[in-house]
Amino acid sequence: MFLTVSGYVESEVMGKPHSVIRHPEMPRCVFKLLWDTIADGREIFAYVNNMAKNGDNYWVFAHVTPNFDAAGQIIGYHSNRRVPEKAALETIKPLYRSLLEEERRHPDSKVGLGRSWKMLNDAVATAGFDSYDRFIFTITPEN
């Protein structure tokens with residue numbers, strides 16, 4: 001399904017970094033959250049704006065989880081993606097747009113990332129939640 005939606009053939013994406021399909025309108029701070037979470041051995045659910053081979057974008061609701069060996073060491077990652085609910089995207093799109101604008105406002109990309117990271121955490125806290133996951137599930141209607 002991924003190959004059909006993205007427009008790639010398997011040889012173009014196997015073994016390649018996820019950044020191949022990273023849409024330029026996707027805030028870096030959300031990827032920081034995603035990688036920090038799975039590197040810590042925890043799963044995450046996140047909305048992600050991807051870019052197809054032809055430059056079109058497509059949104060997914062991703063569930064990413066680390067894979068462990070018998071010794072409990074992370075040996076890889078697995079991601080399932082679903083079609084996101086339109087109602088949830090009405091909340092996510094403006095939030096991500098604000099985060100991206102903050103990142104781009106700063107000539108130093110590390111400063112921009114730090115500021116958008118703070119904005120993301122502040123937005124989650126302002127909404128009354130202690131984690132992005134809890135926030136996400138309040139805007140994601142149950143199927």
# chains A, B, ... in the order shown; residues from 1 in each chain; ligands from 1
call {"tool": "residues_around", "arguments": {"residues": "range 56-64 of chain A", "least_positions_apart": "2", "cutoff": "10 Å", "atoms": "only C-alpha atoms", "output": "PyMOL selection string"}}
result
chain A and resi 5-7+21-25+34-35+37-38+42-54+66-67+77-86+88-89+93+136+140
call {"tool": "residues_around", "arguments": {"residues": "Ser131 in chain A", "least_positions_apart": "3", "cutoff": "12 Å", "atoms": "only C-alpha atoms", "output": "list in words"}}
result
Leu33, Thr37, Ile44, Phe45, Ala46, Leu120, Asn121, Asp122, Ala123, Val124, Ala125, Thr126, Ala127, Gly128, Arg134, Phe135, Ile136, Phe137 and Thr138 of chain A
call {"tool": "write_last_selection", "arguments": {"atoms": "N, CA and C atoms", "output": "compact mmCIF listing (two decimals), in the first residue's frame"}}
result
# COMPACT_ATOMS: atom_id res chain seq x y z
N LEU A 33 10.43 14.49 18.38
CA LEU A 33 9.59 13.79 19.34
C LEU A 33 9.51 12.30 18.99
N THR A 37 11.27 9.40 21.28
CA THR A 37 10.37 8.44 21.93
C THR A 37 10.76 7.01 21.61
N ILE A 44 4.97 5.37 19.76
CA ILE A 44 4.36 6.68 19.60
C ILE A 44 3.33 6.62 18.48
N PHE A 45 2.31 7.43 18.63
CA PHE A 45 1.33 7.68 17.58
C PHE A 45 1.51 9.13 17.17
N ALA A 46 1.57 9.40 15.88
CA ALA A 46 1.80 10.77 15.43
C ALA A 46 1.21 11.00 14.05
N LEU A 120 5.61 23.08 20.80
CA LEU A 120 4.84 21.84 20.76
C LEU A 120 4.50 21.39 22.18
N ASN A 121 5.48 21.38 23.05
CA ASN A 121 5.24 20.96 24.44
C ASN A 121 4.30 21.91 25.15
N ASP A 122 4.43 23.22 24.88
CA ASP A 122 3.52 24.20 25.49
C ASP A 122 2.09 24.00 24.98
N ALA A 123 1.94 23.71 23.68
CA ALA A 123 0.60 23.49 23.11
C ALA A 123 -0.07 22.28 23.75
N VAL A 124 0.69 21.21 23.95
CA VAL A 124 0.15 20.01 24.59
C VAL A 124 -0.24 20.32 26.04
N ALA A 125 0.62 21.02 26.76
CA ALA A 125 0.33 21.36 28.15
C ALA A 125 -0.85 22.32 28.26
N THR A 126 -0.92 23.30 27.37
CA THR A 126 -2.02 24.27 27.38
C THR A 126 -3.35 23.57 27.13
N ALA A 127 -3.32 22.52 26.31
CA ALA A 127 -4.54 21.75 26.05
C ALA A 127 -4.91 20.87 27.24
N GLY A 128 -4.02 20.83 28.25
CA GLY A 128 -4.32 20.08 29.47
C GLY A 128 -3.80 18.66 29.50
N ARG A 134 -1.38 11.59 24.50
CA ARG A 134 -2.69 11.85 25.13
C ARG A 134 -3.44 12.94 24.37
N PHE A 135 -2.72 13.97 23.97
CA PHE A 135 -3.31 15.05 23.17
C PHE A 135 -3.84 14.50 21.85
N ILE A 136 -3.04 13.70 21.17
CA ILE A 136 -3.41 13.14 19.87
C ILE A 136 -4.70 12.33 19.96
N PHE A 137 -4.79 11.53 21.00
CA PHE A 137 -5.97 10.67 21.10
C PHE A 137 -7.23 11.43 21.48
N THR A 138 -7.12 12.64 21.97
CA THR A 138 -8.32 13.43 22.22
C THR A 138 -8.86 14.04 20.93
call {"tool": "closest_residue", "arguments": {"among": "A:Gly41, A:Gly55, A:Trp117, A:Asp36", "to": "Val20 in chain A", "atoms": "only C-alpha atoms"}}
result
A:Gly55
call {"tool": "residues_around", "arguments": {"residues": "range 108-116 of chain A", "least_positions_apart": "3", "cutoff": "12 Å", "atoms": "only C-alpha atoms", "output": "list in words"}}
result
Met26, Pro27, Arg28, Cys29, Val30, Phe31, Lys32, Leu33, Leu95, Tyr96, Arg97, Ser98, Leu99, Leu100, Glu101, Glu102, Glu103, Arg104, Arg105, Met119, Leu120, Asn121, Asp122 and Ala123 of chain A
call {"tool": "select_by_dssp", "arguments": {"residues": "chain A", "states": "strand (DSSP E)", "output": "PyMOL selection string"}}
result
chain A and resi 44-51+57-68+74-82
call {"tool": "write_last_selection", "arguments": {"atoms": "C-alpha atoms", "output": "CSV table (one decimal), in the first residue's frame"}}
result
chain,number,residue,atom,x,y,z
A,44,ILE,CA,4.4,6.7,19.6
A,45,PHE,CA,1.3,7.7,17.6
A,46,ALA,CA,1.8,10.8,15.4
A,47,TYR,CA,0.4,12.6,12.5
A,48,VAL,CA,2.9,12.9,9.7
A,49,ASN,CA,2.8,14.8,6.4
A,50,ASN,CA,4.7,12.7,3.8
A,51,MET,CA,5.8,13.6,0.3
A,57,ASN,CA,1.8,15.3,0.0
A,58,TYR,CA,-0.2,12.8,1.9
A,59,TRP,CA,-1.1,12.6,5.6
A,60,VAL,CA,-0.8,9.5,7.7
A,61,PHE,CA,-1.6,8.6,11.3
A,62,ALA,CA,1.5,6.6,12.2
A,63,HIS,CA,2.1,4.2,15.0
A,64,VAL,CA,5.8,3.6,15.4
A,65,THR,CA,7.3,1.1,17.8
A,66,PRO,CA,10.8,-0.2,18.4
A,67,ASN,CA,11.7,-3.8,17.8
A,68,PHE,CA,13.9,-5.5,20.4
A,74,ILE,CA,16.5,-2.0,20.0
A,75,ILE,CA,17.3,-3.6,16.6
A,76,GLY,CA,14.9,-1.7,14.4
A,77,TYR,CA,11.5,0.0,14.2
A,78,HIS,CA,8.1,-0.8,12.8
A,79,SER,CA,5.5,1.6,11.6
A,80,ASN,CA,1.9,1.1,10.8
A,81,ARG,CA,0.1,3.9,9.1
A,82,ARG,CA,-3.6,4.7,8.8
call {"tool": "atom_distance", "arguments": {"atom1": "CA of Met1 in chain A", "atom2": "CA of Ile92 in chain A"}}
result
23.7 Å
call {"tool": "select_by_dssp", "arguments": {"residues": "chain A", "states": "alpha helix (DSSP H)", "output": "ChimeraX atom specification"}}
result
/A:2-6,10-13,28-39,86-105,109-126,132-139
call {"tool": "atom_distance", "arguments": {"atom1": "CA of Thr91 in chain A", "atom2": "CA of Ile139 in chain A"}}
result
7.4 Å
call {"tool": "atom_distance", "arguments": {"atom1": "CA of Phe129 in chain A", "atom2": "CA of Asp40 in chain A"}}
result
20.2 Å
